[in-house]
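coords08.tsv (TSV, C-alpha atoms and all ligand atoms)
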chain	number	residue	atom	x	y	z
A	1	MET	CA	-32.52	110.96	74.65
A	2	LYS	CA	-35.62	110.94	76.89
A	3	TYR	CA	-35.71	109.43	80.38
A	4	TYR	CA	-38.54	107.48	81.99
A	5	GLN	CA	-39.35	105.75	85.26
A	6	ILE	CA	-41.92	102.95	84.99
A	7	VAL	CA	-42.78	102.14	88.57
A	8	PHE	CA	-45.16	99.91	90.54
A	9	SER	CA	-44.93	101.01	94.15
A	10	PRO	CA	-47.98	100.31	96.29
A	11	THR	CA	-46.47	101.61	99.54
A	12	GLY	CA	-43.62	103.86	98.36
A	13	GLY	CA	-40.44	101.82	98.91
A	14	THR	CA	-39.97	100.98	95.24
A	15	GLU	CA	-40.56	104.59	94.25
A	16	LYS	CA	-37.83	105.75	96.68
A	17	VAL	CA	-35.38	103.34	95.03
A	18	ALA	CA	-36.31	104.45	91.49
A	19	LYS	CA	-35.88	108.11	92.49
A	20	ALA	CA	-32.45	107.45	94.00
A	21	VAL	CA	-31.25	105.56	90.91
A	22	THR	CA	-32.39	108.35	88.57
A	23	ARG	CA	-31.18	111.28	90.70
A	24	SER	CA	-28.44	112.14	88.18
A	25	TRP	CA	-30.64	111.56	85.10
A	26	PRO	CA	-32.06	114.69	83.49
A	27	GLN	CA	-35.87	115.32	83.51
A	28	VAL	CA	-37.33	111.90	84.21
A	29	GLU	CA	-40.94	111.28	83.16
A	30	MET	CA	-42.90	109.06	85.55
A	31	ILE	CA	-45.22	106.26	84.40
A	32	ASP	CA	-47.18	104.78	87.30
A	33	LEU	CA	-48.12	101.12	86.87
A	34	SER	CA	-50.52	101.22	89.81
A	35	ALA	CA	-53.15	103.44	88.18
A	36	SER	CA	-56.03	101.18	87.20
A	37	ALA	CA	-57.68	103.95	85.11
A	38	THR	CA	-54.68	104.28	82.77
A	39	ASN	CA	-54.83	102.64	79.35
A	40	TYR	CA	-51.26	101.37	79.14
A	41	LYS	CA	-51.73	100.38	75.48
A	42	ASP	CA	-51.79	104.10	74.66
A	43	ILE	CA	-48.30	104.68	76.10
A	44	SER	CA	-45.49	104.78	73.54
A	45	LEU	CA	-41.97	105.70	74.66
A	46	GLU	CA	-39.80	107.92	72.52
A	47	LYS	CA	-37.13	106.00	70.55
A	48	ASN	CA	-33.57	105.95	71.98
A	49	SER	CA	-34.75	106.67	75.50
A	50	LEU	CA	-33.40	105.34	78.79
A	51	VAL	CA	-35.90	103.72	81.13
A	52	ILE	CA	-35.84	102.38	84.67
A	53	ILE	CA	-38.48	99.79	85.49
A	54	ALA	CA	-38.94	99.20	89.22
A	55	MET	CA	-41.20	96.67	90.96
A	56	PRO	CA	-41.37	95.01	94.37
A	57	SER	CA	-40.87	91.30	94.87
A	58	PHE	CA	-43.97	89.57	96.25
A	59	GLY	CA	-43.12	86.02	97.30
A	60	GLY	CA	-40.03	85.97	95.08
A	61	VAL	CA	-41.86	87.03	91.91
A	62	ALA	CA	-43.13	90.30	90.47
A	63	PRO	CA	-46.81	91.30	90.83
A	64	GLN	CA	-48.48	89.85	87.70
A	65	LEU	CA	-50.74	92.91	87.41
A	66	ALA	CA	-47.70	95.17	87.07
A	67	LEU	CA	-46.01	92.84	84.56
A	68	ASN	CA	-49.15	92.73	82.40
A	69	ARG	CA	-49.39	96.53	82.38
A	70	LEU	CA	-45.69	96.82	81.52
A	71	ALA	CA	-46.09	94.44	78.56
A	72	MET	CA	-48.77	96.72	77.07
A	73	ILE	CA	-46.41	99.72	76.82
A	74	LYS	CA	-44.62	100.30	73.51
A	75	GLY	CA	-40.93	100.50	74.38
A	76	ASN	CA	-39.72	101.16	70.81
A	77	GLU	CA	-36.40	99.40	71.45
A	78	SER	CA	-35.22	101.87	74.04
A	79	LYS	CA	-32.65	100.75	76.61
A	80	CYS	CA	-33.77	99.95	80.13
A	81	ALA	CA	-32.55	98.97	83.56
A	82	ILE	CA	-34.76	96.79	85.75
A	83	ALA	CA	-34.84	97.15	89.54
A	84	VAL	CA	-36.37	94.73	92.00
A	85	VAL	CA	-37.11	96.05	95.47
A	86	TYR	CA	-37.53	93.57	98.32
A	87	GLY	CA	-37.90	93.45	102.08
A	88	ASN	CA	-34.55	91.86	102.97
A	89	ARG	CA	-35.70	88.22	102.60
A	90	ALA	CA	-35.05	87.30	98.92
A	91	TYR	CA	-36.18	88.21	95.41
A	92	GLU	CA	-35.67	84.82	93.71
A	93	ASP	CA	-37.07	84.98	90.12
A	94	THR	CA	-38.37	88.56	90.11
A	95	LEU	CA	-35.60	90.00	87.92
A	96	VAL	CA	-35.74	87.35	85.18
A	97	GLN	CA	-39.50	87.79	85.06
A	98	MET	CA	-39.08	91.55	84.74
A	99	GLU	CA	-36.46	91.00	82.03
A	100	ASP	CA	-38.90	88.83	80.02
A	101	TYR	CA	-41.75	91.35	80.31
A	102	ALA	CA	-39.49	94.31	79.51
A	103	GLN	CA	-38.60	92.47	76.31
A	104	LYS	CA	-42.31	91.90	75.61
A	105	ALA	CA	-42.68	95.68	75.81
A	106	GLY	CA	-39.94	96.02	73.19
A	107	LEU	CA	-37.22	97.23	75.56
A	108	GLN	CA	-33.55	96.16	75.68
A	109	VAL	CA	-32.35	95.33	79.18
A	110	ILE	CA	-28.84	96.72	79.74
A	111	ALA	CA	-28.64	96.46	83.55
A	112	ALA	CA	-30.42	95.14	86.62
A	113	ILE	CA	-30.53	96.25	90.25
A	114	SER	CA	-31.71	94.60	93.44
A	115	ALA	CA	-32.39	96.99	96.31
A	116	VAL	CA	-33.68	96.56	99.83
A	117	ALA	CA	-36.63	98.52	101.25
A	118	GLU	CA	-38.64	98.25	104.44
A	119	HIS	CA	-40.87	95.18	104.38
A	120	SER	CA	-44.34	96.48	103.58
A	121	ILE	CA	-46.14	93.81	105.66
A	122	ILE	CA	-43.62	93.10	108.42
A	123	HIS	CA	-42.11	96.52	109.05
A	124	LYS	CA	-39.49	95.30	111.55
A	125	TYR	CA	-37.52	93.89	108.61
A	126	ALA	CA	-35.31	96.40	106.74
A	127	THR	CA	-36.84	99.26	108.75
A	128	GLY	CA	-35.99	102.66	107.30
A	129	ARG	CA	-34.38	101.32	104.12
A	130	PRO	CA	-33.49	102.59	101.62
A	131	ASN	CA	-31.49	104.81	103.99
A	132	LEU	CA	-29.12	107.65	103.10
A	133	GLU	CA	-26.24	105.28	102.41
A	134	ASP	CA	-28.44	103.08	100.19
A	135	CYS	CA	-29.60	106.14	98.25
A	136	LYS	CA	-26.01	107.28	97.62
A	137	GLU	CA	-25.10	103.81	96.37
A	138	LEU	CA	-28.20	103.62	94.17
A	139	GLU	CA	-27.38	107.02	92.67
A	140	LYS	CA	-23.93	105.64	91.76
A	141	PHE	CA	-25.59	102.64	90.10
A	142	GLY	CA	-27.73	105.11	88.12
A	143	LYS	CA	-24.62	106.93	86.87
A	144	GLN	CA	-23.05	103.65	85.73
A	145	ILE	CA	-26.26	102.75	83.88
A	146	LEU	CA	-26.29	106.17	82.20
A	147	GLU	CA	-22.68	105.64	81.01
A	148	LYS	CA	-23.55	102.22	79.60
A	149	ALA	CA	-26.66	103.59	77.85
A	150	VAL	CA	-24.65	106.09	75.81
A	151	SER	CA	-22.03	103.59	74.68
A	152	ASP	CA	-22.80	101.83	71.38
A	153	ASP	CA	-20.93	98.70	72.27
A	154	TRP	CA	-22.57	96.93	75.22
A	155	LEU	CA	-23.00	93.39	76.51
A	156	LYS	CA	-26.16	91.88	77.97
A	157	PRO	CA	-25.86	91.58	81.76
A	158	HIS	CA	-26.18	88.24	83.54
A	159	ILE	CA	-29.40	88.43	85.53
A	160	PRO	CA	-29.97	85.97	88.42
A	161	GLY	CA	-33.15	83.85	88.68
A	162	ASN	CA	-34.80	80.78	87.18
A	163	ARG	CA	-37.26	79.95	84.43
A	164	PRO	CA	-39.92	78.61	84.91
A	165	TYR	CA	-40.50	81.18	87.64
A	166	LYS	CA	-41.41	80.39	91.23
A	167	LYS	CA	-45.18	80.13	91.82
A	168	ALA	CA	-46.72	83.09	93.65
A	169	GLY	CA	-48.10	82.11	97.08
A	170	ALA	CA	-51.48	82.96	98.57
A	171	GLY	CA	-51.66	86.54	99.80
A	172	MET	CA	-53.16	88.27	102.82
A	173	VAL	CA	-56.39	90.14	102.15
A	174	PRO	CA	-56.86	93.25	104.34
A	175	LYS	CA	-60.22	94.38	105.67
A	176	ALA	CA	-61.43	97.42	107.62
A	177	ASP	CA	-62.41	97.42	111.28
A	178	SER	CA	-65.17	99.44	112.93
A	179	SER	CA	-63.08	102.66	112.91
A	180	CYS	CA	-63.49	102.92	109.10
A	181	THR	CA	-65.08	106.26	108.22
A	182	VAL	CA	-66.08	105.03	104.73
A	183	CYS	CA	-64.06	107.85	103.15
A	184	GLY	CA	-63.42	105.77	99.99
A	185	LEU	CA	-59.70	106.57	99.64
A	186	CYS	CA	-58.66	102.91	99.67
A	187	ALA	CA	-61.11	102.07	96.86
A	188	LEU	CA	-59.87	105.00	94.81
A	189	LYS	CA	-56.20	104.04	95.17
A	190	CYS	CA	-56.33	100.23	95.06
A	191	PRO	CA	-54.19	99.20	92.04
A	192	ALA	CA	-56.36	96.11	91.47
A	193	GLU	CA	-59.83	97.64	91.86
A	194	ALA	CA	-60.44	95.13	94.65
A	195	ILE	CA	-62.43	97.49	96.91
A	196	SER	CA	-65.95	98.44	95.93
A	197	MET	CA	-67.39	101.86	96.81
A	198	ASP	CA	-70.56	99.96	97.74
A	199	ASN	CA	-68.83	97.87	100.40
A	200	LEU	CA	-65.67	99.64	101.53
A	201	LYS	CA	-64.91	97.45	104.51
A	202	ILE	CA	-63.94	94.32	102.60
A	203	SER	CA	-61.58	93.52	99.71
A	204	ASP	CA	-62.50	91.21	96.84
A	205	LYS	CA	-60.34	88.11	97.43
A	206	SER	CA	-60.35	87.23	93.73
A	207	LYS	CA	-58.86	90.61	92.77
A	208	CYS	CA	-56.70	91.63	95.77
A	209	ILE	CA	-52.94	91.24	95.17
A	210	SER	CA	-52.08	91.87	98.86
A	211	CYS	CA	-50.01	94.93	97.96
A	212	MET	CA	-50.78	96.70	101.27
A	213	ARG	CA	-51.51	100.09	99.70
A	214	CYS	CA	-54.94	100.31	101.35
A	215	VAL	CA	-53.39	99.50	104.73
A	216	SER	CA	-50.65	102.11	104.33
A	217	ILE	CA	-52.87	104.98	103.11
A	218	CYS	CA	-55.92	104.59	105.35
A	219	PRO	CA	-56.04	107.92	107.22
A	220	VAL	CA	-57.51	106.34	110.38
A	221	HIS	CA	-55.53	103.05	110.27
A	222	ALA	CA	-58.72	101.06	109.99
A	223	ARG	CA	-57.54	98.66	107.31
A	224	LYS	CA	-55.52	95.69	108.51
A	225	VAL	CA	-54.39	92.16	107.82
A	226	SER	CA	-54.87	89.41	110.39
A	227	ARG	CA	-52.39	89.80	113.27
A	228	PHE	CA	-52.20	86.05	113.66
A	229	ILE	CA	-51.31	85.41	110.00
A	230	THR	CA	-48.78	88.26	110.09
A	231	PHE	CA	-47.17	86.68	113.15
A	232	ILE	CA	-46.91	83.29	111.41
A	233	ALA	CA	-45.45	84.92	108.26
A	234	SER	CA	-42.99	86.95	110.32
A	235	SER	CA	-41.74	83.87	112.20
A	236	ALA	CA	-41.39	81.92	108.93
A	237	ILE	CA	-39.03	84.49	107.39
A	238	LYS	CA	-37.18	85.58	110.55
A	239	LYS	CA	-34.02	83.60	109.79
A	240	ALA	CA	-33.90	84.63	106.12
A	241	CYS	CA	-34.31	88.29	107.09
A	242	SER	CA	-31.77	88.34	109.93
A	243	ALA	CA	-28.66	89.37	107.95
A	244	GLU	CA	-28.77	92.81	106.33
A	245	LYS	CA	-28.69	92.37	102.54
A	246	ALA	CA	-26.67	94.58	100.19
A	247	ASN	CA	-27.96	96.36	97.11
A	248	GLU	CA	-26.62	94.84	93.88
A	249	LEU	CA	-25.90	96.03	90.35
A	250	TYR	CA	-25.71	93.62	87.38
A	251	ILE	CA	-24.21	95.46	84.44
B	1	LIG	C1	-47.53	90.39	99.33
B	1	LIG	C2	-46.11	90.74	99.64
B	1	LIG	C3	-45.13	89.79	99.46
B	1	LIG	C4	-43.78	90.11	99.74
B	1	LIG	N1	-42.84	89.16	99.51
B	1	LIG	C5	-41.54	89.45	99.74
B	1	LIG	C6	-40.53	88.49	99.48
B	1	LIG	O1	-40.77	87.41	98.97
B	1	LIG	N2	-39.25	88.81	99.79
B	1	LIG	C7	-38.91	89.99	100.36
B	1	LIG	O2	-37.75	90.20	100.67
B	1	LIG	N3	-39.85	90.96	100.56
B	1	LIG	C8	-41.15	90.72	100.27
B	1	LIG	N4	-42.10	91.68	100.48
B	1	LIG	C9	-41.68	93.03	100.86
B	1	LIG	C10	-41.69	93.98	99.67
B	1	LIG	O3	-41.05	93.40	98.54
B	1	LIG	C11	-40.99	95.30	100.00
B	1	LIG	O4	-41.46	95.80	101.21
B	1	LIG	C12	-41.16	96.35	98.91
B	1	LIG	O5	-40.40	97.45	99.26
B	1	LIG	C13	-42.59	96.80	98.74
B	1	LIG	O6	-42.66	97.78	97.74
B	1	LIG	P1	-43.47	99.13	97.90
B	1	LIG	O7	-42.99	99.81	99.18
B	1	LIG	O8	-43.13	99.90	96.69
B	1	LIG	O9	-44.90	98.76	98.02
B	1	LIG	C14	-43.44	91.40	100.22
B	1	LIG	C15	-44.44	92.35	100.42
B	1	LIG	C16	-45.76	92.04	100.12
B	1	LIG	C17	-46.81	93.09	100.30
B	2	LIG	S1	-59.33	104.44	103.61
B	2	LIG	FE1	-59.72	103.61	105.65
B	2	LIG	S2	-61.36	104.85	106.47
B	2	LIG	FE2	-61.33	105.24	104.26
B	2	LIG	S3	-62.81	103.73	103.44
B	2	LIG	FE3	-60.80	102.76	103.37
B	2	LIG	S4	-60.64	101.59	105.28
B	2	LIG	FE4	-62.32	103.06	105.53
B	3	LIG	S1	-57.38	95.63	98.51
B	3	LIG	FE1	-55.64	94.31	98.08
B	3	LIG	S2	-54.90	95.00	96.07
B	3	LIG	FE2	-56.26	96.62	96.85
B	3	LIG	S3	-54.88	98.09	97.87
B	3	LIG	FE3	-55.60	96.62	99.43
B	3	LIG	S4	-54.03	95.02	99.51
B	3	LIG	FE4	-53.74	96.17	97.57
Would you mind writing the file out in structure tokens?
Amino acid sequence: MKYYQIVFSPTGGTEKVAKAVTRSWPQVEMIDLSASATNYKDISLEKNSLVIIAMPSFGGVAPQLALNRLAMIKGNESKCAIAVVYGNRAYEDTLVQMEDYAQKAGLQVIAAISAVAEHSIIHKYATGRPNLEDCKELEKFGKQILEKAVSDDWLKPHIPGNRPYKKAGAGMVPKADSSCTVCGLCALKCPAEAISMDNLKISDKSKCISCMRCVSICPVHARKVSRFITFIASSAIKKACSAEKANELYI
């Protein structure tokens, strides 16, 4: 049996969760869904493998770019667990969407996880999560998934969410201020190729998925989203984010 992580993690929270879940799995191969240069059609997983697919929830749904890349991979009927990572508000239809696209990739979903990570736009929500306690719990979930994967007789888990999925809302498009040194790192790392090397200070609104990677990796903190819009968004979700949410396993 081979082990894979298929992860879309623009700012690192989702990757932390995937690593914690797979801590007890032997030799996990990483497939990064944020690399725009990768030809995902060329990726074919070994038969009888165990896979974790992890994505963040953006507005209660999964990033379409990541889902499309996942669907191109040949899963060869391997078993998989899906993990949604969210910033302590809600993840609504993200898991059912991930389930559908995992099936499009030819994978069999045997378990699902929801896990909380620091909100990648409004960092005061779920600050520091996943913390040590979360990681221990996620590792336990990973062990349970491993046990289920080796048993021949397994039932499909009940995964929460609705079809048709929630509609994705309009995102925030970051731009650089005058401190930008035109180093080009953000253009190189943007999962959606929304930043042109010819005009590094702006992002192409038609391509940007508001993932916040450029904001989080800019070495001089020049790339930002509007403070005013962030304030409005923060106030709108304050109530929903107030109670600390628990990680969940559906198995
Ligand atoms: C555009 C966008 C939309 C988001 N929408 C939600 C949401 O609906 N619910 C929520 O709880 N967190 C939301 N978040 C927070 C992320 O799901 C969370 O921070 C996640 O850990 C980000 O993954 P990453 O660190 O791998 O980039 C959103 C973040 C972004 C950038
Ligand atoms: S990473 Fe920052 S400094 Fe470098 S080009 Fe992008 S915005 Fe400018
Ligand atoms: S330009 Fe948009 S899609 Fe590209 S890294 Fe920045 S927020 Fe993400």
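Of the residues listed (A:Ala18, A:Cys180, A:Ala102, A:Cys135), A:Cys180 shows the shortest atom-to-atom separation from ligand LIG 2 (chain B); distances use all atoms listed in the file.
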Quick one, how far is CA of Trp25 (chain A) from CA of Ala112 (chain A)?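 Separation of CA of Trp25 (chain A) and CA of Ala112 (chain A): 16.5 Å.
Taking only C-alpha atoms and all ligand atoms into account, the protein and nucleic acid residues that come at most 6 Å from ligand LIG 1 (chain B) are Ser9, Pro10, Thr11, Gly12, Gly13, Thr14, Glu15, Pro56, Ser57, Phe58, Gly59, Gly60, Val85, Tyr86, Gly87, Asn88, Arg89, Ala90, Tyr91, Ala117, Glu118, His119, Ser120, Ile121, Gly171, Ser210, Cys211 and Met212 of chain A.
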Box in all listed atoms of region 107-124 of chain A, axis-aligned, with 3 Å more on each side; write out centre and edge lengths in Å to one decimal as JSON.
{"center_x": -37.4, "center_y": 95.8, "center_z": 93.6, "size_x": 23.5, "size_y": 11.4, "size_z": 42.0}
Within 12 Å of ligand LIG 2 (chain B): each chain A residue with its shortest pair, all atoms listed in the file, as a tab-separated table:
residue	atom	partner	partner_atom	distance
A:Pro174	CA	B:LIG2	S4	9.2
A:Lys175	CA	B:LIG2	S4	7.2
A:Ala176	CA	B:LIG2	S4	4.8
A:Asp177	CA	B:LIG2	S4	7.5
A:Ser178	CA	B:LIG2	FE4	8.7
A:Ser179	CA	B:LIG2	S2	7.0
A:Cys180	CA	B:LIG2	FE4	3.8
A:Thr181	CA	B:LIG2	S2	4.3
A:Val182	CA	B:LIG2	S3	3.7
A:Cys183	CA	B:LIG2	FE2	3.9
A:Gly184	CA	B:LIG2	S3	4.1
A:Leu185	CA	B:LIG2	S1	4.5
A:Cys186	CA	B:LIG2	FE3	4.3
A:Ala187	CA	B:LIG2	FE3	6.6
A:Leu188	CA	B:LIG2	S1	8.8
A:Lys189	CA	B:LIG2	S1	9.0
A:Cys190	CA	B:LIG2	FE3	9.8
A:Ala194	CA	B:LIG2	FE3	11.6
A:Ile195	CA	B:LIG2	FE3	8.5
A:Ser196	CA	B:LIG2	S3	9.7
A:Met197	CA	B:LIG2	S3	8.3
A:Asp198	CA	B:LIG2	S3	10.3
A:Asn199	CA	B:LIG2	S3	8.9
A:Leu200	CA	B:LIG2	S3	5.3
A:Lys201	CA	B:LIG2	S4	6.0
A:Ile202	CA	B:LIG2	S4	8.4
A:Ser203	CA	B:LIG2	S4	9.9
A:Met212	CA	B:LIG2	S4	11.7
A:Arg213	CA	B:LIG2	S1	9.8
A:Cys214	CA	B:LIG2	S1	6.4
A:Val215	CA	B:LIG2	S4	7.6
A:Ser216	CA	B:LIG2	S1	9.0
A:Ile217	CA	B:LIG2	S1	6.5
A:Cys218	CA	B:LIG2	S1	3.8
A:Pro219	CA	B:LIG2	FE1	5.9
A:Val220	CA	B:LIG2	S2	5.7
A:His221	CA	B:LIG2	FE1	6.3
A:Ala222	CA	B:LIG2	S4	5.1
A:Arg223	CA	B:LIG2	S4	4.7
A:Lys224	CA	B:LIG2	S4	8.5
A:Val225	CA	B:LIG2	S4	11.6
Give as a PDB file with C-alpha atoms, keeping the file's coordinate frame every residue, naming chains and numbers as the document does, that has an atom within 8 Å of (-43.4, 107.8, 81.3), counting only C-alpha atoms.
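The resulting file, point-v6.pdb, is reproduced below:
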ATOM      1  CA  TYR A   3     -35.710 109.430  80.380  1.00  0.00           C
ATOM      2  CA  TYR A   4     -38.540 107.480  81.990  1.00  0.00           C
ATOM      3  CA  GLN A   5     -39.350 105.750  85.260  1.00  0.00           C
ATOM      4  CA  ILE A   6     -41.920 102.950  84.990  1.00  0.00           C
ATOM      5  CA  VAL A  28     -37.330 111.900  84.210  1.00  0.00           C
ATOM      6  CA  GLU A  29     -40.940 111.280  83.160  1.00  0.00           C
ATOM      7  CA  MET A  30     -42.900 109.060  85.550  1.00  0.00           C
ATOM      8  CA  ILE A  31     -45.220 106.260  84.400  1.00  0.00           C
ATOM      9  CA  ASP A  32     -47.180 104.780  87.300  1.00  0.00           C
ATOM     10  CA  ILE A  43     -48.300 104.680  76.100  1.00  0.00           C
ATOM     11  CA  LEU A  45     -41.970 105.700  74.660  1.00  0.00           C
TER      12      LEU A  45
END
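The spacing separating CA of Leu70 (chain A) from CA of Ala170 (chain A) amounts to 22.7 Å.
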State, in Å with one decimal place, the distance from CA of Met55 (chain A) to CA of Ile229 (chain A). 24.3 Å
Skipping near chain neighbours, those fewer than 3 positions away, what residues fall within 12 Å of Ile73 (chain A) using only C-alpha atoms, listed as a ChimeraX atom specification? /A:6,31-33,38-46,53,66-70,76-78,101-107
Could those residues be written to a file, using C-alpha atoms, as a PDB file, in the coordinates of the input?
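Output saved as selection.pdb:
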ATOM      1  CA  ILE A   6     -41.920 102.950  84.990  1.00  0.00           C
ATOM      2  CA  ILE A  31     -45.220 106.260  84.400  1.00  0.00           C
ATOM      3  CA  ASP A  32     -47.180 104.780  87.300  1.00  0.00           C
ATOM      4  CA  LEU A  33     -48.120 101.120  86.870  1.00  0.00           C
ATOM      5  CA  THR A  38     -54.680 104.280  82.770  1.00  0.00           C
ATOM      6  CA  ASN A  39     -54.830 102.640  79.350  1.00  0.00           C
ATOM      7  CA  TYR A  40     -51.260 101.370  79.140  1.00  0.00           C
ATOM      8  CA  LYS A  41     -51.730 100.380  75.480  1.00  0.00           C
ATOM      9  CA  ASP A  42     -51.790 104.100  74.660  1.00  0.00           C
ATOM     10  CA  ILE A  43     -48.300 104.680  76.100  1.00  0.00           C
ATOM     11  CA  SER A  44     -45.490 104.780  73.540  1.00  0.00           C
ATOM     12  CA  LEU A  45     -41.970 105.700  74.660  1.00  0.00           C
ATOM     13  CA  GLU A  46     -39.800 107.920  72.520  1.00  0.00           C
ATOM     14  CA  ILE A  53     -38.480  99.790  85.490  1.00  0.00           C
ATOM     15  CA  ALA A  66     -47.700  95.170  87.070  1.00  0.00           C
ATOM     16  CA  LEU A  67     -46.010  92.840  84.560  1.00  0.00           C
ATOM     17  CA  ASN A  68     -49.150  92.730  82.400  1.00  0.00           C
ATOM     18  CA  ARG A  69     -49.390  96.530  82.380  1.00  0.00           C
ATOM     19  CA  LEU A  70     -45.690  96.820  81.520  1.00  0.00           C
ATOM     20  CA  ASN A  76     -39.720 101.160  70.810  1.00  0.00           C
ATOM     21  CA  GLU A  77     -36.400  99.400  71.450  1.00  0.00           C
ATOM     22  CA  SER A  78     -35.220 101.870  74.040  1.00  0.00           C
ATOM     23  CA  TYR A 101     -41.750  91.350  80.310  1.00  0.00           C
ATOM     24  CA  ALA A 102     -39.490  94.310  79.510  1.00  0.00           C
ATOM     25  CA  GLN A 103     -38.600  92.470  76.310  1.00  0.00           C
ATOM     26  CA  LYS A 104     -42.310  91.900  75.610  1.00  0.00           C
ATOM     27  CA  ALA A 105     -42.680  95.680  75.810  1.00  0.00           C
ATOM     28  CA  GLY A 106     -39.940  96.020  73.190  1.00  0.00           C
ATOM     29  CA  LEU A 107     -37.220  97.230  75.560  1.00  0.00           C
TER      30      LEU A 107
END
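With distances taken over only C-alpha atoms and all ligand atoms, A:Ala192 is the one residue among A:Ile237, A:Ala192, A:Val51, A:Ala168 lying closest to ligand LIG 3 (chain B).
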For Ile110 (chain A), work out the shell of residues within 9 Å, counting all atoms listed in the file and skipping chain neighbours fewer than 5 positions away, then give it as a PyMOL selection string. chain A and resi 79-82+145+148-149+154-157+250-251
Closest of A:Lys16, A:Lys124, A:Lys205, A:Lys166 to Ala83 (chain A) - atom-to-atom distances counting only C-alpha atoms: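 Of the candidates, the smallest distance to Ala83 (chain A) is held by A:Lys16.
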So which one's closest to ligand LIG 3 (chain B), A:Glu92, A:Glu193, A:Glu139, A:Glu244? Using all atoms listed in the file, please.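 Nearest candidate to ligand LIG 3 (chain B) out of A:Glu92, A:Glu193, A:Glu139, A:Glu244: A:Glu193.
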Using all atoms listed in the file, which residue out of A:Ala233, A:Ser114, A:Glu147, A:Arg227 lies closest to Pro160 (chain A)?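 Using all atoms listed in the file, Pro160 (chain A) sits closest to A:Ser114.
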Export of region 104-121 of chain A: C-alpha atoms, as a short mmCIF file (atom, residue, chain, number, x, y, z; two decimals), in the first residue's frame:
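Saved to selection.cif:
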data_model
loop_
_atom_site.label_atom_id
_atom_site.label_comp_id
_atom_site.auth_asym_id
_atom_site.auth_seq_id
_atom_site.Cartn_x
_atom_site.Cartn_y
_atom_site.Cartn_z
CA LYS A 104 -14.45 12.03 -10.32
CA ALA A 105 -10.77 11.26 -9.77
CA GLY A 106 -11.68 7.59 -9.30
CA LEU A 107 -11.17 7.50 -5.53
CA GLN A 108 -13.38 5.83 -2.90
CA VAL A 109 -14.14 8.08 0.07
CA ILE A 110 -13.93 6.10 3.32
CA ALA A 111 -13.79 8.98 5.83
CA ALA A 112 -14.06 12.74 6.18
CA ILE A 113 -12.55 15.25 8.60
CA SER A 114 -13.31 18.86 9.41
CA ALA A 115 -10.51 20.73 11.15
CA VAL A 116 -10.06 24.29 12.33
CA ALA A 117 -7.07 26.46 11.37
CA GLU A 118 -6.27 30.13 11.82
CA HIS A 119 -8.41 32.27 9.53
CA SER A 120 -6.14 33.23 6.65
CA ILE A 121 -7.78 36.66 6.11
#
